[in-house]
file work-v8.txt (compact mmCIF, C-alpha atoms)
# COMPACT_ATOMS: atom_id res chain seq x y z
CA MET A 1 24.56 31.32 -27.65
CA THR A 2 23.99 33.47 -24.57
CA ALA A 3 22.59 32.12 -21.31
CA GLY A 4 19.52 34.30 -21.86
CA LEU A 5 18.81 32.77 -25.27
CA VAL A 6 19.24 29.24 -23.90
CA ALA A 7 16.77 30.03 -21.10
CA GLU A 8 14.26 31.51 -23.55
CA LEU A 9 14.39 28.47 -25.84
CA LEU A 10 14.11 25.99 -22.96
CA ALA A 11 11.08 27.85 -21.56
CA LEU A 12 9.51 27.87 -25.02
CA GLY A 13 10.10 24.14 -25.32
CA LEU A 14 8.45 23.44 -21.98
CA ALA A 15 5.38 25.47 -22.89
CA ALA A 16 5.18 24.01 -26.40
CA GLY A 17 5.45 20.45 -25.12
CA PHE A 18 2.66 20.98 -22.60
CA LEU A 19 0.39 22.49 -25.27
CA ALA A 20 1.23 19.67 -27.67
CA GLY A 21 -0.09 17.15 -25.18
CA LEU A 22 -3.02 19.29 -24.07
CA LEU A 23 -4.33 20.39 -27.45
CA GLY A 24 -2.76 18.09 -30.04
CA ILE A 25 -1.32 21.06 -31.93
CA GLY A 26 2.34 20.08 -31.83
CA GLY A 27 3.26 23.32 -30.09
CA GLY A 28 3.85 25.06 -33.42
CA MET A 29 1.16 27.65 -32.83
CA LEU A 30 3.17 28.93 -29.88
CA MET A 31 6.66 28.40 -31.28
CA VAL A 32 6.31 30.20 -34.61
CA PRO A 33 5.39 33.68 -33.28
CA ILE A 34 7.90 33.52 -30.42
CA LEU A 35 10.75 32.13 -32.53
CA THR A 36 10.02 34.82 -35.13
CA PHE A 37 10.44 37.45 -32.41
CA ILE A 38 13.63 35.85 -31.05
CA LEU A 39 15.23 35.64 -34.50
CA ASN A 40 14.22 39.23 -35.33
CA GLN A 41 15.89 40.40 -32.13
CA ARG A 42 19.11 38.72 -33.24
CA GLY A 43 19.28 40.51 -36.56
CA VAL A 44 17.68 37.99 -38.93
CA GLU A 45 15.81 39.71 -41.77
CA PRO A 46 12.05 39.63 -40.95
CA GLY A 47 10.95 37.57 -43.95
CA LEU A 48 13.66 34.97 -43.39
CA ALA A 49 12.97 34.97 -39.64
CA VAL A 50 9.38 33.86 -40.29
CA LYS A 51 10.57 31.04 -42.57
CA MET A 52 13.23 29.87 -40.11
CA ALA A 53 10.72 29.94 -37.24
CA ILE A 54 8.22 27.89 -39.25
CA ALA A 55 10.79 25.29 -40.36
CA THR A 56 12.42 24.96 -36.93
CA SER A 57 9.05 24.70 -35.23
CA MET A 58 7.98 21.93 -37.58
CA ALA A 59 11.20 19.97 -37.03
CA THR A 60 10.70 19.99 -33.24
CA ILE A 61 7.27 18.40 -33.72
CA MET A 62 8.95 15.15 -34.81
CA PHE A 63 10.10 14.76 -31.20
CA THR A 64 7.16 16.35 -29.37
CA SER A 65 4.54 14.31 -31.20
CA LEU A 66 6.14 10.99 -30.25
CA SER A 67 6.16 11.90 -26.56
CA SER A 68 2.61 13.25 -26.69
CA VAL A 69 1.07 10.38 -28.64
CA ARG A 70 2.56 7.78 -26.30
CA ALA A 71 0.69 9.33 -23.38
CA HIS A 72 -2.57 9.51 -25.36
CA HIS A 73 -2.18 5.94 -26.65
CA GLN A 74 -1.82 4.62 -23.13
CA ARG A 75 -5.30 6.02 -22.46
CA GLY A 76 -6.71 4.38 -25.57
CA ALA A 77 -7.65 7.73 -27.14
CA VAL A 78 -5.79 7.54 -30.48
CA ARG A 79 -7.96 6.55 -33.46
CA TRP A 80 -5.29 4.62 -35.38
CA ASP A 81 -7.78 3.85 -38.16
CA LEU A 82 -8.00 7.60 -38.86
CA VAL A 83 -4.21 7.99 -38.64
CA LYS A 84 -3.87 5.25 -41.27
CA GLY A 85 -6.42 6.93 -43.54
CA LEU A 86 -5.10 10.50 -43.26
CA ALA A 87 -1.31 9.88 -43.15
CA PRO A 88 -0.72 9.13 -46.90
CA GLY A 89 -2.30 12.43 -47.94
CA ILE A 90 -0.43 14.24 -45.19
CA LEU A 91 2.91 12.94 -46.49
CA ALA A 92 2.09 14.02 -50.05
CA GLY A 93 0.86 17.46 -49.00
CA GLY A 94 3.79 18.02 -46.65
CA LEU A 95 6.40 17.25 -49.28
CA LEU A 96 4.65 19.52 -51.79
CA SER A 97 4.45 22.35 -49.30
CA GLY A 98 7.90 22.07 -47.72
CA ALA A 99 9.88 21.58 -50.93
CA GLY A 100 7.90 23.89 -53.21
CA LEU A 101 5.36 26.41 -51.94
CA PHE A 102 7.31 27.32 -48.81
CA ALA A 103 10.43 28.43 -50.68
CA LEU A 104 8.41 30.38 -53.27
CA LEU A 105 6.26 32.45 -50.88
CA LYS A 106 7.55 35.57 -49.12
CA GLY A 107 7.81 35.40 -45.34
CA ALA A 108 5.19 38.14 -44.97
CA TRP A 109 2.66 36.10 -46.94
CA LEU A 110 3.42 33.02 -44.87
CA ALA A 111 2.73 35.05 -41.71
CA LEU A 112 -0.62 36.15 -43.15
CA VAL A 113 -1.52 32.58 -44.15
CA PHE A 114 -0.68 31.50 -40.60
CA GLY A 115 -2.86 34.21 -39.05
CA ALA A 116 -5.82 33.66 -41.36
CA PHE A 117 -6.11 29.91 -40.97
CA VAL A 118 -5.46 29.94 -37.25
CA SER A 119 -8.15 32.60 -36.77
CA PHE A 120 -10.64 30.52 -38.75
CA SER A 121 -9.86 27.40 -36.75
CA GLY A 122 -10.27 29.26 -33.45
CA TRP A 123 -13.62 30.66 -34.55
CA GLN A 124 -14.85 27.23 -35.57
CA MET A 125 -13.96 25.79 -32.17
CA LEU A 126 -15.29 28.73 -30.15
CA ARG A 127 -18.73 28.92 -31.73
CA ASN A 128 -19.28 25.29 -30.65
CA ARG A 129 -21.75 24.51 -33.38
CA ARG A 130 -22.94 20.93 -33.13
CA PRO A 131 -22.21 18.83 -36.24
CA ALA A 132 -25.04 17.05 -38.01
CA PRO A 133 -25.58 13.72 -36.19
CA SER A 134 -25.35 11.81 -39.48
CA ARG A 135 -21.98 13.28 -40.50
CA GLN A 136 -19.05 10.86 -40.37
CA MET A 137 -15.43 10.81 -41.47
CA PRO A 138 -15.17 10.46 -45.28
CA GLY A 139 -13.98 7.31 -47.04
CA ALA A 140 -10.46 6.50 -48.22
CA ALA A 141 -10.37 9.06 -51.05
CA GLY A 142 -11.86 11.79 -48.86
CA GLN A 143 -9.40 11.09 -46.07
CA PHE A 144 -6.48 11.23 -48.52
CA GLY A 145 -7.71 14.62 -49.77
CA ALA A 146 -8.24 15.93 -46.24
CA GLY A 147 -4.78 14.67 -45.26
CA ALA A 148 -3.19 16.41 -48.25
CA GLY A 149 -4.83 19.69 -47.25
CA ILE A 150 -3.71 19.30 -43.62
CA GLY A 151 -0.14 18.45 -44.66
CA THR A 152 0.09 21.40 -47.07
CA LEU A 153 -1.31 23.98 -44.66
CA SER A 154 0.83 22.65 -41.82
CA GLY A 155 3.95 23.08 -43.92
CA LEU A 156 3.07 26.69 -44.68
CA VAL A 157 2.58 27.65 -41.04
CA GLY A 158 4.95 25.29 -39.18
CA ALA A 159 2.35 23.58 -36.99
CA GLY A 160 1.49 19.96 -36.40
CA GLY A 161 -1.85 20.18 -38.17
CA GLY A 162 -4.05 20.20 -35.07
CA PHE A 163 -5.41 23.64 -35.96
CA VAL A 164 -7.05 21.99 -38.98
CA SER A 165 -7.32 18.30 -38.10
CA VAL A 166 -8.96 18.74 -34.67
CA PRO A 167 -11.83 20.97 -35.93
CA PHE A 168 -12.20 18.73 -39.00
CA MET A 169 -12.51 15.56 -36.95
CA VAL A 170 -14.87 17.21 -34.44
CA TRP A 171 -16.98 18.41 -37.41
CA CYS A 172 -17.15 14.75 -38.46
CA ASN A 173 -18.45 13.74 -35.00
CA VAL A 174 -15.17 12.44 -33.61
CA PRO A 175 -15.24 13.28 -29.85
CA VAL A 176 -12.82 16.11 -29.06
CA HIS A 177 -10.56 14.07 -26.75
CA PHE A 178 -10.13 11.44 -29.47
CA ALA A 179 -9.60 14.19 -32.07
CA VAL A 180 -6.83 15.79 -29.97
CA ALA A 181 -5.11 12.43 -29.38
CA THR A 182 -5.35 11.44 -33.06
CA SER A 183 -4.02 14.85 -34.11
CA ALA A 184 -1.00 14.29 -31.87
CA ALA A 185 -0.30 11.02 -33.72
CA LEU A 186 -0.64 12.77 -37.08
CA GLY A 187 1.97 15.31 -36.02
CA PHE A 188 4.85 12.91 -36.72
CA PRO A 189 4.20 12.24 -40.46
CA ILE A 190 3.39 15.93 -40.91
CA ALA A 191 6.70 16.95 -39.35
CA VAL A 192 8.80 14.39 -41.21
CA ALA A 193 7.37 15.22 -44.64
CA ASN A 194 7.65 18.97 -44.22
CA THR A 195 11.12 18.91 -42.62
CA VAL A 196 12.43 16.92 -45.58
CA GLY A 197 10.81 19.50 -47.83
CA TYR A 198 12.40 22.40 -45.95
CA LEU A 199 15.84 20.79 -46.25
CA VAL A 200 15.37 20.45 -50.01
CA GLY A 201 13.98 23.96 -50.41
CA GLY A 202 16.65 25.62 -48.25
CA TRP A 203 19.64 23.72 -49.61
CA GLY A 204 22.49 26.13 -50.33
CA LEU A 205 20.96 29.02 -48.36
CA GLU A 206 23.60 31.15 -46.62
CA PRO A 207 23.51 30.66 -42.78
CA ALA A 208 21.61 33.54 -41.17
CA LEU A 209 23.01 32.71 -37.71
CA PRO A 210 25.75 30.41 -36.37
CA GLY A 211 24.21 26.95 -36.18
CA SER A 212 21.57 27.51 -38.85
CA PHE A 213 21.29 25.12 -41.79
CA GLY A 214 19.05 26.30 -44.58
CA TYR A 215 15.76 27.23 -42.95
CA LEU A 216 16.50 25.24 -39.77
CA TYR A 217 18.03 26.85 -36.68
CA LEU A 218 19.66 23.79 -35.14
CA PRO A 219 20.46 25.14 -31.60
CA ALA A 220 16.81 26.10 -31.14
CA LEU A 221 15.70 22.72 -32.50
CA ALA A 222 17.88 20.84 -29.99
CA LEU A 223 16.90 22.90 -26.94
CA ILE A 224 13.18 23.12 -27.68
CA ALA A 225 12.90 19.42 -28.55
CA THR A 226 14.71 18.39 -25.36
CA ALA A 227 12.44 20.49 -23.16
CA SER A 228 9.19 19.75 -24.99
CA VAL A 229 9.37 15.95 -24.81
CA THR A 230 9.45 16.15 -21.01
CA MET A 231 6.25 18.19 -20.84
CA ALA A 232 4.05 16.61 -23.53
CA PRO A 233 2.91 13.69 -21.31
CA LEU A 234 1.82 16.17 -18.61
CA GLY A 235 -0.24 18.06 -21.16
CA ALA A 236 -1.85 14.83 -22.33
CA ARG A 237 -2.85 13.98 -18.76
CA ALA A 238 -4.34 17.46 -18.33
CA ALA A 239 -6.35 17.06 -21.55
CA HIS A 240 -8.06 13.94 -20.23
CA ALA A 241 -8.85 15.65 -16.91
CA MET A 242 -10.62 18.62 -18.56
CA ASP A 243 -14.15 18.64 -19.88
CA VAL A 244 -14.92 19.17 -23.57
CA ALA A 245 -16.16 22.76 -23.24
CA GLN A 246 -13.02 23.85 -21.34
CA LEU A 247 -10.74 22.21 -23.89
CA LYS A 248 -12.42 23.94 -26.82
CA LYS A 249 -12.25 27.36 -25.15
CA VAL A 250 -8.55 26.98 -24.29
CA PHE A 251 -7.85 25.90 -27.86
CA ALA A 252 -9.77 28.82 -29.40
CA MET A 253 -8.34 31.55 -27.14
CA LEU A 254 -4.77 30.41 -27.79
CA LEU A 255 -5.33 30.43 -31.54
CA PHE A 256 -6.81 33.94 -31.57
CA ALA A 257 -3.92 35.45 -29.60
CA LEU A 258 -1.20 33.93 -31.77
CA ALA A 259 -3.05 34.66 -35.01
CA ALA A 260 -3.26 38.35 -34.11
CA TYR A 261 0.50 38.59 -33.64
CA MET A 262 1.30 36.89 -36.94
CA LEU A 263 -1.24 38.98 -38.87
CA TYR A 264 0.43 42.07 -37.45
CA LYS A 265 3.87 40.81 -38.48
CA GLY A 266 2.72 39.92 -41.98
CA LEU A 267 0.96 43.22 -42.64
CA SER A 268 3.88 45.26 -41.29
CA GLU A 269 6.30 43.58 -43.71
CA LEU A 270 4.25 43.95 -46.92
call {"tool": "encode", "arguments": {"input": "work-v8.txt", "output": "structure tokens"}}
result
Amino acid sequence: MTAGLVAELLALGLAAGFLAGLLGIGGGMLMVPILTFILNQRGVEPGLAVKMAIATSMATIMFTSLSSVRAHHQRGAVRWDLVKGLAPGILAGGLLSGAGLFALLKGAWLALVFGAFVSFSGWQMLRNRRPAPSRQMPGAAGQFGAGAGIGTLSGLVGAGGGFVSVPFMVWCNVPVHFAVATSAALGFPIAVANTVGYLVGGWGLEPALPGSFGYLYLPALALIATASVTMAPLGARAAHAMDVAQLKKVFAMLLFALAAYMLYKGLSEL
């Protein structure tokens, strides 16, 4: 690895860790487009570059989420009852996505799925429509189903699930700061389930770069994870210092920018 690549990956890890703490999105929304670009620049075929970026991004969330959720938990913001209700479905959906759907879909289609769902999530947050006062989180069966959907979609786009789980919880009248903190806690089961799935799905794949294993690019995983865990607590502190309206706008604007890039990549490769 060159010094320039090491610097790029460390900077990406710092930014991703801060955003993981700030927005509860695991940093994947930032990592996937930038890792896709980095891998393209190093000669990895575009479709495979998207898949490697998604898988590597998801694997880093195992480390980032633990650092982020610790900071949120210390502030009493994590709804552990919701984590308990959503996590079983997340594990089931993540394994299904990582081991099956991910390997079957072309990289271009994964980029389009990423762009479409991230755009929708940003729009939902930006329009700031107040949920019905009577709406609450669903019961056990509903939470399992919602968790399965979050786990599946997260596996297809390489993100910690915050782009779906935060708007969903806010829609169910969970205050946004609690939704962000709870999403950070959900990032760990999402990342574990999908990373196991990626390892199964990419078993036997020829290394695209030195240090790659299946769909995982291990040097990037190590550098990004190391940098991100140092910044996630700072992002969590910033989240609790911001008001709700600011947090929603930051979330939405970030999602729109990254969705546009991935839609462009997907359409250009079809």
call {"tool": "atom_distance", "arguments": {"input": "work-v8.txt", "atom1": "CA of Ala259 in chain A", "atom2": "CA of Gln136 in chain A"}}
result
29.2 Å
call {"tool": "atom_distance", "arguments": {"input": "work-v8.txt", "atom1": "CA of Gly21 in chain A", "atom2": "CA of Pro189 in chain A"}}
result
16.6 Å
call {"tool": "residues_near_point", "arguments": {"input": "work-v8.txt", "point": "(-3.1, 39.5, -38.8)", "cutoff": "12 Å", "atoms": "all atoms listed in the file", "output": "ChimeraX atom specification"}}
result
/A:33,108-120,255-270
call {"tool": "closest_residue", "arguments": {"input": "work-v8.txt", "among": "A:Leu209, A:Met231, A:Val176, A:Met62", "to": "Gln246 in chain A", "atoms": "only C-alpha atoms"}}
result
A:Val176
call {"tool": "residues_around", "arguments": {"input": "work-v8.txt", "residues": "Ala193 in chain A", "least_positions_apart": "6", "cutoff": "10 Å", "atoms": "only C-alpha atoms", "output": "PyMOL selection string"}}
result
chain A and resi 58-59+62+90-99+151-152+155
call {"tool": "atom_distance", "arguments": {"input": "work-v8.txt", "atom1": "CA of Ala148 in chain A", "atom2": "CA of Lys106 in chain A"}}
result
22.0 Å
call {"tool": "closest_residue", "arguments": {"input": "work-v8.txt", "among": "A:Ala225, A:Leu101, A:Val78, A:Ile190", "to": "Ala15 in chain A", "atoms": "only C-alpha atoms"}}
result
A:Ala225
call {"tool": "closest_residue", "arguments": {"input": "work-v8.txt", "among": "A:Val174, A:Leu223, A:Leu254, A:Ala238", "to": "Leu82 in chain A", "atoms": "all atoms listed in the file"}}
result
A:Val174
call {"tool": "closest_residue", "arguments": {"input": "work-v8.txt", "among": "A:Ala179, A:Ile224, A:Met31, A:Leu22", "to": "Val250 in chain A", "atoms": "all atoms listed in the file"}}
result
A:Leu22
call {"tool": "closest_residue", "arguments": {"input": "work-v8.txt", "among": "A:Thr182, A:Gln143, A:Ser68, A:Ser228", "to": "Leu9 in chain A", "atoms": "only C-alpha atoms"}}
result
A:Ser228
call {"tool": "closest_residue", "arguments": {"input": "work-v8.txt", "among": "A:Pro219, A:Pro88, A:Gly187, A:Gly147", "to": "Val6 in chain A", "atoms": "all atoms listed in the file"}}
result
A:Pro219
call {"tool": "residues_around", "arguments": {"input": "work-v8.txt", "residues": "Leu199 in chain A", "least_positions_apart": "3", "cutoff": "10 Å", "atoms": "only C-alpha atoms", "output": "PyMOL selection string"}}
result
chain A and resi 55+98-99+194-196+202-205+213-216
call {"tool": "residues_around", "arguments": {"input": "work-v8.txt", "residues": "range 233-235 of chain A", "least_positions_apart": "6", "cutoff": "9 Å", "atoms": "only C-alpha atoms", "output": "list in words"}}
result
Gly17, Phe18, Leu19, Ala20, Gly21, Leu22, Leu23, Ser67, Ser68, Val69, Arg70, Ala71 and His72 of chain A
call {"tool": "write_last_selection", "arguments": {"input": "work-v8.txt", "atoms": "C-alpha atoms", "output": "PDB file, in the coordinates of the input"}}
result
ATOM      1  CA  GLY A  17       5.450  20.450 -25.120  1.00  0.00           C
ATOM      2  CA  PHE A  18       2.660  20.980 -22.600  1.00  0.00           C
ATOM      3  CA  LEU A  19       0.390  22.490 -25.270  1.00  0.00           C
ATOM      4  CA  ALA A  20       1.230  19.670 -27.670  1.00  0.00           C
ATOM      5  CA  GLY A  21      -0.090  17.150 -25.180  1.00  0.00           C
ATOM      6  CA  LEU A  22      -3.020  19.290 -24.070  1.00  0.00           C
ATOM      7  CA  LEU A  23      -4.330  20.390 -27.450  1.00  0.00           C
ATOM      8  CA  SER A  67       6.160  11.900 -26.560  1.00  0.00           C
ATOM      9  CA  SER A  68       2.610  13.250 -26.690  1.00  0.00           C
ATOM     10  CA  VAL A  69       1.070  10.380 -28.640  1.00  0.00           C
ATOM     11  CA  ARG A  70       2.560   7.780 -26.300  1.00  0.00           C
ATOM     12  CA  ALA A  71       0.690   9.330 -23.380  1.00  0.00           C
ATOM     13  CA  HIS A  72      -2.570   9.510 -25.360  1.00  0.00           C
TER      14      HIS A  72
END
call {"tool": "residues_around", "arguments": {"input": "work-v8.txt", "residues": "range 44-50 of chain A", "least_positions_apart": "4", "cutoff": "6 Å", "atoms": "all atoms listed in the file", "output": "PyMOL selection string"}}
result
chain A and resi 36+39-40+107-108
call {"tool": "residues_around", "arguments": {"input": "work-v8.txt", "residues": "Cys172 in chain A", "least_positions_apart": "2", "cutoff": "7 Å", "atoms": "all atoms listed in the file", "output": "MDAnalysis selection string"}}
result
chainID A and resid 131 135:137 168:170 174
call {"tool": "write_last_selection", "arguments": {"input": "work-v8.txt", "atoms": "C-alpha atoms", "output": "PDB file, in the frame of the given file"}}
result
ATOM      1  CA  PRO A 131     -22.210  18.830 -36.240  1.00  0.00           C
ATOM      2  CA  ARG A 135     -21.980  13.280 -40.500  1.00  0.00           C
ATOM      3  CA  GLN A 136     -19.050  10.860 -40.370  1.00  0.00           C
ATOM      4  CA  MET A 137     -15.430  10.810 -41.470  1.00  0.00           C
ATOM      5  CA  PHE A 168     -12.200  18.730 -39.000  1.00  0.00           C
ATOM      6  CA  MET A 169     -12.510  15.560 -36.950  1.00  0.00           C
ATOM      7  CA  VAL A 170     -14.870  17.210 -34.440  1.00  0.00           C
ATOM      8  CA  VAL A 174     -15.170  12.440 -33.610  1.00  0.00           C
TER       9      VAL A 174
END
call {"tool": "build_atoms", "arguments": {"input": "work-v8.txt", "residues": "range 224-235 of chain A", "atoms": "all heavy atoms", "output": "CSV table (one decimal), keeping the file's coordinate frame"}}
result
chain,number,residue,atom,x,y,z
A,224,ILE,N,14.6,23.2,-27.8
A,224,ILE,CA,13.2,23.1,-27.7
A,224,ILE,C,12.7,21.7,-27.7
A,224,ILE,O,11.8,21.3,-26.9
A,224,ILE,CB,12.5,23.9,-28.8
A,224,ILE,CG1,12.8,25.4,-28.7
A,224,ILE,CG2,11.0,23.6,-28.9
A,224,ILE,CD1,12.3,26.2,-29.9
A,225,ALA,N,13.3,20.8,-28.5
A,225,ALA,CA,12.9,19.4,-28.6
A,225,ALA,C,13.2,18.7,-27.2
A,225,ALA,O,12.4,18.0,-26.7
A,225,ALA,CB,13.6,18.7,-29.7
A,226,THR,N,14.4,19.0,-26.6
A,226,THR,CA,14.7,18.4,-25.4
A,226,THR,C,13.7,18.8,-24.3
A,226,THR,O,13.3,17.9,-23.5
A,226,THR,CB,16.1,18.8,-24.9
A,226,THR,OG1,17.1,18.4,-25.9
A,226,THR,CG2,16.5,18.2,-23.6
A,227,ALA,N,13.4,20.0,-24.2
A,227,ALA,CA,12.4,20.5,-23.2
A,227,ALA,C,11.0,20.0,-23.4
A,227,ALA,O,10.3,19.6,-22.5
A,227,ALA,CB,12.5,22.0,-23.1
A,228,SER,N,10.6,20.0,-24.7
A,228,SER,CA,9.2,19.8,-25.0
A,228,SER,C,8.8,18.3,-24.7
A,228,SER,O,7.7,18.0,-24.3
A,228,SER,CB,8.9,20.1,-26.4
A,228,SER,OG,9.6,19.3,-27.3
A,229,VAL,N,9.7,17.4,-25.0
A,229,VAL,CA,9.4,16.0,-24.8
A,229,VAL,C,9.1,15.6,-23.3
A,229,VAL,O,8.4,14.6,-23.0
A,229,VAL,CB,10.4,15.0,-25.4
A,229,VAL,CG1,10.6,15.2,-26.9
A,229,VAL,CG2,11.8,15.2,-24.7
A,230,THR,N,9.7,16.4,-22.4
A,230,THR,CA,9.4,16.2,-21.0
A,230,THR,C,8.1,16.6,-20.5
A,230,THR,O,7.5,16.1,-19.5
A,230,THR,CB,10.5,16.8,-20.1
A,230,THR,OG1,10.4,18.2,-20.3
A,230,THR,CG2,11.9,16.4,-20.6
A,231,MET,N,7.5,17.6,-21.3
A,231,MET,CA,6.2,18.2,-20.8
A,231,MET,C,5.0,17.7,-21.6
A,231,MET,O,3.9,17.8,-21.1
A,231,MET,CB,6.3,19.7,-21.0
A,231,MET,CG,7.2,20.4,-20.1
A,231,MET,SD,6.7,20.2,-18.3
A,231,MET,CE,5.3,21.2,-18.3
A,232,ALA,N,5.2,17.1,-22.7
A,232,ALA,CA,4.0,16.6,-23.5
A,232,ALA,C,3.2,15.6,-22.8
A,232,ALA,O,2.0,15.7,-22.8
A,232,ALA,CB,4.5,16.0,-24.9
A,233,PRO,N,3.8,14.6,-22.1
A,233,PRO,CA,2.9,13.7,-21.3
A,233,PRO,C,2.1,14.4,-20.2
A,233,PRO,O,0.9,14.0,-20.0
A,233,PRO,CB,3.9,12.7,-20.7
A,233,PRO,CG,5.1,12.8,-21.6
A,233,PRO,CD,5.2,14.2,-22.0
A,234,LEU,N,2.6,15.4,-19.6
A,234,LEU,CA,1.8,16.2,-18.6
A,234,LEU,C,0.6,16.9,-19.3
A,234,LEU,O,-0.5,16.9,-18.7
A,234,LEU,CB,2.7,17.2,-17.9
A,234,LEU,CG,3.9,16.6,-17.1
A,234,LEU,CD1,4.7,17.7,-16.5
A,234,LEU,CD2,3.4,15.7,-16.0
A,235,GLY,N,0.9,17.4,-20.4
A,235,GLY,CA,-0.2,18.1,-21.2
A,235,GLY,C,-1.3,17.1,-21.6
A,235,GLY,O,-2.5,17.4,-21.5
